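**Q** The following file, model.pdb, comprises PDB, C-alpha atoms (C1' of nucleotides):
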```
ATOM      1  CA  MET J 504      -7.726   6.550   0.983
ATOM      2  CA  GLU J 505      -4.734   6.387   3.320
ATOM      3  CA  ILE J 506      -1.474   8.038   2.314
ATOM      4  CA  ALA J 507       1.654   7.834   4.470
ATOM      5  CA  SER J 508       5.034   9.519   4.312
ATOM      6  CA  TRP J 509       8.265   8.277   5.876
ATOM      7  CA  ASN J 510      11.852   9.413   5.645
ATOM      8  CA  VAL J 511      13.560   6.046   6.161
ATOM      9  CA  ASN J 512      17.226   7.168   6.203
ATOM     10  CA  SER J 513      18.328   4.344   3.828
ATOM     11  CA  ILE J 514      15.788   1.914   2.370
ATOM     12  CA  LYS J 515      18.428  -0.822   2.518
ATOM     13  CA  ALA J 516      18.985  -0.392   6.254
ATOM     14  CA  ARG J 517      15.248  -0.023   6.937
ATOM     15  CA  LEU J 518      13.633  -2.535   4.583
ATOM     16  CA  ASP J 519      12.415  -4.872   7.339
ATOM     17  CA  HIS J 520      10.923  -1.948   9.269
ATOM     18  CA  VAL J 521       9.115  -0.699   6.168
ATOM     19  CA  LYS J 522       7.834  -4.185   5.208
ATOM     20  CA  ASN J 523       6.547  -4.879   8.702
ATOM     21  CA  TRP J 524       4.928  -1.487   8.962
ATOM     22  CA  LEU J 525       3.200  -1.840   5.585
ATOM     23  CA  GLU J 526       1.852  -5.247   6.564
ATOM     24  CA  LYS J 527       0.566  -3.878   9.860
ATOM     25  CA  ARG J 528      -0.755  -0.448   8.843
ATOM     26  CA  GLY J 529      -1.532  -1.183   5.217
ATOM     27  CA  PRO J 530      -1.792   2.363   3.823
ATOM     28  CA  ASP J 531      -2.888   2.627   0.191
ATOM     29  CA  ILE J 532       0.086   4.788  -0.688
ATOM     30  CA  LEU J 533       3.476   5.295   0.978
ATOM     31  CA  LEU J 534       5.872   8.122   0.140
ATOM     32  CA  LEU J 535       9.478   7.298   1.016
ATOM     33  CA  GLN J 536      12.389   9.721   1.294
ATOM     34  CA  GLU J 537      16.148   9.416   1.791
ATOM     35  CA  LEU J 538      16.549   6.063   0.068
ATOM     36  CA  LYS J 539      20.342   6.609   0.008
ATOM     37  CA  GLY J 540      21.223   4.275  -2.848
ATOM     38  CA  VAL J 541      20.495   3.334  -6.448
ATOM     39  CA  ASP J 542      18.870  -0.030  -5.728
ATOM     40  CA  PHE J 543      15.167   0.097  -4.953
ATOM     41  CA  PRO J 544      13.526  -3.207  -3.880
ATOM     42  CA  THR J 545      10.574  -3.065  -6.290
ATOM     43  CA  GLU J 546       9.975  -6.845  -6.076
ATOM     44  CA  THR J 547       9.743  -6.787  -2.291
ATOM     45  CA  PHE J 548       6.918  -4.266  -2.482
ATOM     46  CA  ARG J 549       5.235  -6.054  -5.372
ATOM     47  CA  ALA J 550       5.081  -9.196  -3.231
ATOM     48  CA  LEU J 551       3.221  -7.140  -0.619
ATOM     49  CA  GLY J 552       0.726  -5.928  -3.202
ATOM     50  CA  TYR J 553       2.254  -2.543  -3.994
ATOM     51  CA  GLU J 554       3.639  -1.192  -7.218
ATOM     52  CA  SER J 555       6.374   1.399  -6.979
ATOM     53  CA  VAL J 556       8.093   4.256  -8.746
ATOM     54  CA  ALA J 557      11.472   5.458  -7.518
ATOM     55  CA  VAL J 558      13.958   8.156  -8.402
ATOM     56  CA  THR J 559      17.344   7.372  -6.920
ATOM     57  CA  GLN J 560      20.970   8.469  -6.794
ATOM     58  CA  LYS J 561      24.146   7.026  -5.368
ATOM     59  CA  ALA J 562      24.522   7.408  -1.583
ATOM     60  CA  TYR J 563      22.270  10.453  -1.200
ATOM     61  CA  ASN J 564      18.626  11.541  -1.331
ATOM     62  CA  GLY J 565      16.185   9.400  -3.319
ATOM     63  CA  VAL J 566      12.360   9.285  -3.193
ATOM     64  CA  ALA J 567       9.811   6.598  -4.021
ATOM     65  CA  ILE J 568       6.060   6.143  -4.122
ATOM     66  CA  VAL J 569       4.588   2.716  -3.433
ATOM     67  CA  SER J 570       0.891   2.222  -4.086
ATOM     68  CA  ARG J 571      -1.841  -0.400  -4.030
ATOM     69  CA  PHE J 572      -3.455   1.390  -6.974
ATOM     70  CA  PRO J 573      -2.014   1.904 -10.456
ATOM     71  CA  VAL J 574       0.500   4.737 -10.636
ATOM     72  CA  LYS J 575       0.869   7.031 -13.606
ATOM     73  CA  SER J 576       4.277   8.708 -13.543
ATOM     74  CA  VAL J 577       4.213  12.424 -14.394
ATOM     75  CA  SER J 578       7.558  13.978 -13.455
ATOM     76  CA  GLN J 579      10.776  13.049 -11.680
ATOM     77  CA  SER J 580      12.202  16.519 -11.195
ATOM     78  CA  LEU J 581      11.108  19.973 -10.196
ATOM     79  CA  ASP J 582      10.827  22.461 -13.047
ATOM     80  CA  GLY J 583      12.994  25.533 -13.124
ATOM     81  CA  LEU J 584      16.214  26.916 -14.463
ATOM     82  CA  GLY J 585      18.902  24.302 -14.697
ATOM     83  CA  VAL J 586      18.644  20.597 -14.105
ATOM     84  CA  ASP J 587      18.203  19.343 -10.560
ATOM     85  CA  THR J 588      20.813  16.626 -10.158
ATOM     86  CA  HIS J 589      19.413  15.603  -6.777
ATOM     87  CA  ALA J 590      16.756  12.873  -6.528
ATOM     88  CA  ARG J 591      14.240  14.819  -4.456
ATOM     89  CA  PHE J 592      10.964  15.025  -6.368
ATOM     90  CA  LEU J 593       8.375  12.639  -7.735
ATOM     91  CA  GLU J 594       4.961  13.570  -9.163
ATOM     92  CA  VAL J 595       2.407  10.908 -10.071
ATOM     93  CA  ILE J 596      -1.312  10.503 -10.634
ATOM     94  CA  ILE J 597      -3.077   7.846  -8.556
ATOM     95  CA  LYS J 598      -6.825   7.479  -9.062
ATOM     96  CA  ASP J 599      -8.250  11.035  -8.958
ATOM     97  CA  LEU J 600      -5.258  12.541  -7.120
ATOM     98  CA  ARG J 601      -1.994  14.197  -8.028
ATOM     99  CA  VAL J 602       0.446  12.794  -5.471
ATOM    100  CA  VAL J 603       3.758  14.600  -5.062
ATOM    101  CA  ASN J 604       6.593  13.264  -2.929
ATOM    102  CA  ILE J 605       9.329  15.716  -1.952
ATOM    103  CA  TYR J 606      12.591  15.550  -0.059
ATOM    104  CA  LEU J 607      13.298  19.224   0.387
ATOM    105  CA  PRO J 608      16.979  20.161   0.826
ATOM    106  CA  ASN J 609      18.167  20.340   4.418
ATOM    107  CA  GLY J 610      20.116  23.556   3.818
ATOM    108  CA  ASN J 611      22.656  23.312   6.630
ATOM    109  CA  PRO J 612      24.880  25.046   7.352
ATOM    110  CA  ILE J 613      23.293  28.473   6.904
ATOM    111  CA  GLY J 614      25.291  31.063   4.986
ATOM    112  CA  THR J 615      26.460  28.504   2.414
ATOM    113  CA  GLU J 616      25.411  27.526  -1.099
ATOM    114  CA  LYS J 617      23.480  24.635   0.496
ATOM    115  CA  PHE J 618      21.168  27.103   2.198
ATOM    116  CA  GLU J 619      20.769  29.088  -1.032
ATOM    117  CA  TYR J 620      19.936  25.839  -2.832
ATOM    118  CA  LYS J 621      17.210  25.162  -0.273
ATOM    119  CA  LEU J 622      15.629  28.590  -0.804
ATOM    120  CA  ASP J 623      15.846  28.267  -4.578
ATOM    121  CA  TRP J 624      14.262  24.811  -4.392
ATOM    122  CA  MET J 625      11.403  26.222  -2.311
ATOM    123  CA  ASP J 626      10.864  29.047  -4.814
ATOM    124  CA  ARG J 627      10.638  26.512  -7.628
ATOM    125  CA  LEU J 628       8.283  24.343  -5.566
ATOM    126  CA  ARG J 629       6.030  27.360  -5.051
ATOM    127  CA  VAL J 630       5.808  27.959  -8.796
ATOM    128  CA  GLN J 631       4.746  24.336  -9.309
ATOM    129  CA  MET J 632       2.245  24.436  -6.468
ATOM    130  CA  GLU J 633       0.657  27.600  -7.872
ATOM    131  CA  ARG J 634       0.348  25.873 -11.236
ATOM    132  CA  TRP J 635      -1.320  22.809  -9.711
ATOM    133  CA  LEU J 636      -3.982  25.034  -8.135
ATOM    134  CA  THR J 637      -5.197  25.933 -11.627
ATOM    135  CA  SER J 638      -5.599  22.271 -12.606
ATOM    136  CA  GLU J 639      -8.736  20.179 -12.207
ATOM    137  CA  ILE J 640      -6.924  17.490 -10.248
ATOM    138  CA  ALA J 641      -6.717  17.705  -6.466
ATOM    139  CA  THR J 642      -3.139  17.718  -5.200
ATOM    140  CA  VAL J 643      -1.404  16.170  -2.192
ATOM    141  CA  VAL J 644       2.180  17.286  -1.598
ATOM    142  CA  GLY J 645       3.824  15.142   1.063
ATOM    143  CA  GLY J 646       7.267  14.382   2.327
ATOM    144  CA  ASP J 647      10.215  15.659   4.301
ATOM    145  CA  PHE J 648       9.997  19.455   3.982
ATOM    146  CA  ASN J 649      12.977  20.079   6.290
ATOM    147  CA  VAL J 650      11.102  23.106   7.644
ATOM    148  CA  ILE J 651       9.901  23.674  11.219
ATOM    149  CA  PRO J 652       6.837  25.799  10.422
ATOM    150  CA  GLU J 653       6.136  27.382  13.823
ATOM    151  CA  ASP J 654       7.679  27.513  17.306
ATOM    152  CA  ILE J 655       5.089  24.954  18.443
ATOM    153  CA  ASP J 656       6.651  22.496  16.002
ATOM    154  CA  CYS J 657       9.829  22.041  18.027
ATOM    155  CA  HIS J 658      10.579  21.126  21.602
ATOM    156  CA  LYS J 659      12.697  24.198  22.294
ATOM    157  CA  PRO J 660      13.018  27.013  19.736
ATOM    158  CA  ALA J 661      16.268  28.232  21.315
ATOM    159  CA  SER J 662      18.094  25.042  20.392
ATOM    160  CA  TRP J 663      17.155  25.399  16.681
ATOM    161  CA  ILE J 664      17.924  29.097  16.313
ATOM    162  CA  GLY J 665      21.005  28.606  14.125
ATOM    163  CA  ASP J 666      19.624  25.716  12.107
ATOM    164  CA  ALA J 667      18.555  25.941   8.453
ATOM    165  CA  LEU J 668      15.262  24.202   9.268
ATOM    166  CA  PHE J 669      14.252  27.056  11.567
ATOM    167  CA  GLN J 670      15.435  30.136   9.620
ATOM    168  CA  PRO J 671      12.939  32.902   8.801
ATOM    169  CA  GLU J 672      13.453  32.502   5.021
ATOM    170  CA  PRO J 673      12.351  28.859   4.681
ATOM    171  CA  ARG J 674       9.619  29.352   7.266
ATOM    172  CA  GLU J 675       8.254  32.349   5.369
ATOM    173  CA  ARG J 676       8.275  30.320   2.179
ATOM    174  CA  TYR J 677       6.416  27.492   3.905
ATOM    175  CA  ARG J 678       3.785  29.944   5.163
ATOM    176  CA  GLY J 679       3.583  31.307   1.631
ATOM    177  CA  LEU J 680       2.417  27.880   0.460
ATOM    178  CA  LEU J 681      -0.386  28.003   3.046
ATOM    179  CA  GLU J 682      -1.293  31.513   1.894
ATOM    180  CA  LEU J 683      -1.772  30.089  -1.602
ATOM    181  CA  GLY J 684      -4.554  28.014  -0.057
ATOM    182  CA  TYR J 685      -2.778  24.752   0.719
ATOM    183  CA  ILE J 686      -3.762  23.099   3.978
ATOM    184  CA  ASP J 687      -1.233  21.737   6.468
ATOM    185  CA  ALA J 688      -3.223  18.552   7.111
ATOM    186  CA  PHE J 689      -1.802  17.755  10.529
ATOM    187  CA  ARG J 690      -1.891  21.277  11.959
ATOM    188  CA  SER J 691      -5.350  22.043  10.601
ATOM    189  CA  LEU J 692      -6.747  19.090  12.555
ATOM    190  CA  HIS J 693      -4.597  19.656  15.655
ATOM    191  CA  PRO J 694      -4.299  23.447  15.788
ATOM    192  CA  SER J 695      -2.669  23.860  19.181
ATOM    193  CA  GLU J 696      -1.298  20.431  20.088
ATOM    194  CA  LYS J 697       2.242  20.677  21.376
ATOM    195  CA  GLY J 698       4.922  18.012  21.361
ATOM    196  CA  GLN J 699       3.791  16.485  18.056
ATOM    197  CA  PHE J 700       6.959  15.662  16.141
ATOM    198  CA  THR J 701       8.039  13.496  13.197
ATOM    199  CA  PHE J 702      11.819  13.646  13.694
ATOM    200  CA  TRP J 703      14.109  13.185  16.672
ATOM    201  CA  ASP J 704      17.914  13.336  16.628
ATOM    202  CA  TYR J 705      19.777  10.131  17.282
ATOM    203  CA  PHE J 706      21.821  12.074  19.836
ATOM    204  CA  ARG J 707      21.370  12.257  23.577
ATOM    205  CA  GLN J 708      18.153  10.224  23.747
ATOM    206  CA  ALA J 709      16.195  12.925  21.975
ATOM    207  CA  PHE J 710      13.284  10.558  21.275
ATOM    208  CA  GLU J 711      13.070   9.332  24.868
ATOM    209  CA  HIS J 712      12.790  12.974  25.996
ATOM    210  CA  ASN J 713      10.520  13.943  23.061
ATOM    211  CA  ARG J 714      12.985  16.583  21.957
ATOM    212  CA  GLY J 715      11.937  16.572  18.325
ATOM    213  CA  ILE J 716      10.672  18.638  15.428
ATOM    214  CA  ARG J 717       7.716  18.434  13.043
ATOM    215  CA  ILE J 718       9.203  18.585   9.549
ATOM    216  CA  ASP J 719       7.324  15.868   7.625
ATOM    217  CA  HIS J 720       4.128  17.346   6.244
ATOM    218  CA  PHE J 721       1.127  16.833   4.004
ATOM    219  CA  LEU J 722      -0.092  19.909   2.152
ATOM    220  CA  LEU J 723      -3.500  19.568   0.497
ATOM    221  CA  SER J 724      -4.968  21.679  -2.276
ATOM    222  CA  PRO J 725      -8.013  23.623  -0.972
ATOM    223  CA  GLY J 726     -10.600  21.391  -2.629
ATOM    224  CA  LEU J 727      -9.497  18.471  -0.461
ATOM    225  CA  SER J 728     -10.508  20.159   2.816
ATOM    226  CA  SER J 729     -13.910  18.452   2.795
ATOM    227  CA  ARG J 730     -12.263  15.048   2.265
ATOM    228  CA  LEU J 731      -9.688  15.442   5.064
ATOM    229  CA  LYS J 732     -10.569  12.886   7.711
ATOM    230  CA  SER J 733      -7.445  12.443   9.828
ATOM    231  CA  CYS J 734      -3.714  13.029   9.943
ATOM    232  CA  VAL J 735      -1.686  11.260  12.614
ATOM    233  CA  ILE J 736       1.934  10.641  13.498
ATOM    234  CA  ASP J 737       2.743   6.978  14.144
ATOM    235  CA  LYS J 738       5.564   6.916  16.686
ATOM    236  CA  ILE J 739       5.769   3.131  16.913
ATOM    237  CA  PRO J 740       8.514   2.613  14.268
ATOM    238  CA  ARG J 741      10.722   5.195  16.000
ATOM    239  CA  ARG J 742      10.807   2.950  19.103
ATOM    240  CA  LEU J 743      12.200  -0.082  17.259
ATOM    241  CA  PRO J 744      15.876  -1.089  17.343
ATOM    242  CA  LYS J 745      17.902   0.650  14.616
ATOM    243  CA  PRO J 746      15.138   3.097  13.679
ATOM    244  CA  SER J 747      15.119   5.883  11.160
ATOM    245  CA  ASP J 748      15.412   9.277  12.831
ATOM    246  CA  HIS J 749      11.974  10.078  11.310
ATOM    247  CA  THR J 750       8.657   8.312  11.927
ATOM    248  CA  PRO J 751       5.684   7.949   9.535
ATOM    249  CA  ILE J 752       2.873  10.466   9.213
ATOM    250  CA  VAL J 753      -0.441   9.060   7.964
ATOM    251  CA  LEU J 754      -3.124  11.010   6.119
ATOM    252  CA  THR J 755      -6.679   9.743   5.630
ATOM    253  CA  LEU J 756      -8.917  11.200   2.930
ATOM    254  CA  ASP J 757     -12.540  10.227   2.268
TER     255      ASP J 757
ATOM    256  C1'  DA H 933      31.666  21.609  19.882
ATOM    257  C1'  DT H 934      29.114  17.901  21.087
ATOM    258  C1'  DG H 935      26.124  13.849  20.179
ATOM    259  C1'  DT H 936      24.614   9.102  16.321
ATOM    260  C1'  DC H 937      23.884   6.815  12.171
ATOM    261  C1'  DA H 938      24.472   5.357   7.096
ATOM    262  C1'  DG H 939      27.041   5.113   2.725
ATOM    263  C1'  DA H 940      31.407   5.238   0.111
ATOM    264  C1'  DG H 941      35.916   3.829  -0.617
ATOM    265  C1'  DG H 942      38.411  -0.010   0.207
ATOM    266  C1'  DC H 943      39.695  -3.330   3.921
ATOM    267  C1'  DA H 944      41.023   0.355   8.804
ATOM    268  C1'  DC H 945      39.048   3.967   9.290
ATOM    269  C1'  DT H 946      38.067   8.602   7.813
ATOM    270  C1'  DC H 947      34.960  11.514   5.317
ATOM    271  C1'  DT H 948      30.287  13.424   4.090
ATOM    272  C1'  DG H 949      25.580  14.480   5.018
ATOM    273  C1'  DA H 950      22.011  14.666   7.965
TER     274       DA H 950
END
```
Can you present the structure in this file as structure tokens?
**A**
Amino acid sequence: MEIASWNVNSIKARLDHVKNWLEKRGPDILLLQELKGVDFPTETFRALGYESVAVTQKAYNGVAIVSRFPVKSVSQSLDGLGVDTHARFLEVIIKDLRVVNIYLPNGNPIGTEKFEYKLDWMDRLRVQMERWLTSEIATVVGGDFNVIPEDIDCHKPASWIGDALFQPEPRERYRGLLELGYIDAFRSLHPSEKGQFTFWDYFRQAFEHNRGIRIDHFLLSPGLSSRLKSCVIDKIPRRLPKPSDHTPIVLTLD
DNA sequence: ATGTCAGAGGCACTCTGA
């Protein structure tokens, strides 16, 4: 079972990239983030052999799951006080797995209500993830977490010091999810590999210099550890003309 | 502060978010 995650920074602008990549890599499931529009090209994916579920909003955010296997929709928003008006969460059941796609709030700039929203969102995510641990179904939470977990996950910590993605509060919350027992699939298989990133700024040839950050993650419930086969970052789409600023991460489970 | 890209509104170009 191959599950991929890709923040595409507009599905409309990136549809050819996504189609070509699906045809080439052929994962069973693809989690998409930052669709940036209300129209989702369901028919395009159906023609490629994938069914899809999407939660969208005008101009911003938006997440979708496309799958070769039947998808049973469970929830389109994170539980908690108040209604989340942002399209950032999608929980489905595919085969024997709970598959959760998240686009965690960016939170910049720090010291604003945007940063508070990010922390609140992470607290609510934690509550859900604790709940899932008590269920019989194994859980994969994937997507754009907008968190740089450790110093090793960025090219130069000093240049991210004032950024919401690198603040102690979100990083502590991310570590808290690991303390619950969830496994960071990529880091567990590559414990000390440096320079492994999923996002590079469009500015100043960041990709060419590998000045990036690792913010797209797969967290696995503990029972999946024995099924974890590989987790790799596919940098090829980031080299194409007009790329997303993120590149896909691909998880393989037995 | 800068750098680049995408969408929205509305038809030139600024604004927002990332």
**Q** Return as a compact mmCIF listing (two decimals) with C-alpha atoms (C1' of nucleotides), keeping the file's coordinate frame the residues belonging to chain H that are within 10 Å of chain J, counting all atoms listed in the file.
**A**
```
# COMPACT_ATOMS: atom_id res chain seq x y z
C1' DT H 934 29.11 17.90 21.09
C1' DG H 935 26.12 13.85 20.18
C1' DT H 936 24.61 9.10 16.32
C1' DC H 937 23.88 6.82 12.17
C1' DA H 938 24.47 5.36 7.10
C1' DG H 939 27.04 5.11 2.72
C1' DA H 940 31.41 5.24 0.11
C1' DG H 949 25.58 14.48 5.02
C1' DA H 950 22.01 14.67 7.96
```
**Q** Can you measure CA of Asp582 in chain J to CA of Gly684 in chain J for me? One decimal in Å is fine.
**A**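 About the pair CA of Asp582 in chain J and CA of Gly684 in chain J: they are 20.9 Å apart.
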**Q** I need the residue nearest Pro725 in chain J from this list: J:Val644, J:Leu538, J:Leu636, J:Leu668. Use all atoms listed in the file for the distance.
**A**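 That would be J:Leu636, the residue with the smallest distance to Pro725 in chain J.
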**Q** Could you tell me how far CA of Glu653 in chain J lies from CA of Leu600 in chain J, in Å and to one decimal?
**A**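 CA of Leu600 in chain J lies at a distance of 28.1 Å from CA of Glu653 in chain J.
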**Q** Can you tell me, as a list in words, what residues are no more than 9 Å from range 617-632 of chain J when counting all atoms listed in the file, ignoring any on the same chain fewer than 6 positions away?
**A**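 The contact residues come out as Leu581, Asp582, Gly583, Leu584, Leu607, Pro608, Asn609, Gly610, Asn611, Thr642, Val644, Ala667, Glu672, Pro673, Arg676, Tyr677, Gly679, Leu680, Leu683, Tyr685 and Ser724 of chain J.
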**Q** Kindly list the centre and edge lengths in Å, rounded to one decimal, for the axis-aligned box that covers all listed atoms of range 695-711 of chain J plus 5 Å on each of its six sides, as AutoDock Vina command-line options.
**A**
```
--center_x 9.6 --center_y 16.6 --center_z 19.0 --size_x 34.5 --size_y 24.5 --size_z 21.7
```
**Q** Separation of CA of Tyr553 in chain J and CA of Lys522 in chain J, in Å?
**A** 10.9 Å
**Q** Compare J:Glu526, J:Glu711, J:Asp757, J:Glu633 by their minimum atom-to-atom distance to Ser729 in chain J, counting only C-alpha atoms, and give me the closest one.
**A**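 For Ser729 in chain J, the nearest of the given residues is J:Asp757.
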**Q** Which residues are close to Glu554 in chain J, i.e. within 10 Å by all atoms listed in the file, leaving aside same-chain residues fewer than 2 positions away? Reply as a PDB file with C-alpha atoms, in the frame of the given file.
**A**
```pdb
ATOM      1  CA  ILE J 532       0.086   4.788  -0.688  1.00  0.00           C
ATOM      2  CA  THR J 545      10.574  -3.065  -6.290  1.00  0.00           C
ATOM      3  CA  GLU J 546       9.975  -6.845  -6.076  1.00  0.00           C
ATOM      4  CA  THR J 547       9.743  -6.787  -2.291  1.00  0.00           C
ATOM      5  CA  PHE J 548       6.918  -4.266  -2.482  1.00  0.00           C
ATOM      6  CA  ARG J 549       5.235  -6.054  -5.372  1.00  0.00           C
ATOM      7  CA  ALA J 550       5.081  -9.196  -3.231  1.00  0.00           C
ATOM      8  CA  LEU J 551       3.221  -7.140  -0.619  1.00  0.00           C
ATOM      9  CA  GLY J 552       0.726  -5.928  -3.202  1.00  0.00           C
ATOM     10  CA  VAL J 556       8.093   4.256  -8.746  1.00  0.00           C
ATOM     11  CA  ILE J 568       6.060   6.143  -4.122  1.00  0.00           C
ATOM     12  CA  VAL J 569       4.588   2.716  -3.433  1.00  0.00           C
ATOM     13  CA  SER J 570       0.891   2.222  -4.086  1.00  0.00           C
ATOM     14  CA  ARG J 571      -1.841  -0.400  -4.030  1.00  0.00           C
ATOM     15  CA  PHE J 572      -3.455   1.390  -6.974  1.00  0.00           C
ATOM     16  CA  PRO J 573      -2.014   1.904 -10.456  1.00  0.00           C
ATOM     17  CA  VAL J 574       0.500   4.737 -10.636  1.00  0.00           C
TER      18      VAL J 574
END
```
**Q** Residues near Ile716 in chain J, anyone? I mean within 8 Å using all atoms listed in the file, not counting same-chain ones fewer than 3 positions away, as a tab-separated table (two decimals) with C-alpha atoms, in the frame of the given file.
**A**
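For reference, selection.tsv as written:
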```
chain	number	residue	atom	x	y	z
J	651	ILE	CA	9.90	23.67	11.22
J	656	ASP	CA	6.65	22.50	16.00
J	657	CYS	CA	9.83	22.04	18.03
J	658	HIS	CA	10.58	21.13	21.60
J	699	GLN	CA	3.79	16.48	18.06
J	700	PHE	CA	6.96	15.66	16.14
J	701	THR	CA	8.04	13.50	13.20
J	702	PHE	CA	11.82	13.65	13.69
J	703	TRP	CA	14.11	13.18	16.67
```
**Q** Could you tell me, as number ranges by chain, exactly which residues end up selected when the PyMOL selection byres ((chain J and resi 558) around 7) is applied to this structure?
**A** J: 557, 559, 565-567, 579, 590
**Q** Once the PyMOL selection byres ((chain J and resi 718) around 6) has been applied to the shown file, what residues remain in the selection, as a PyMOL selection string?
**A** chain J and resi 648-651+717+719
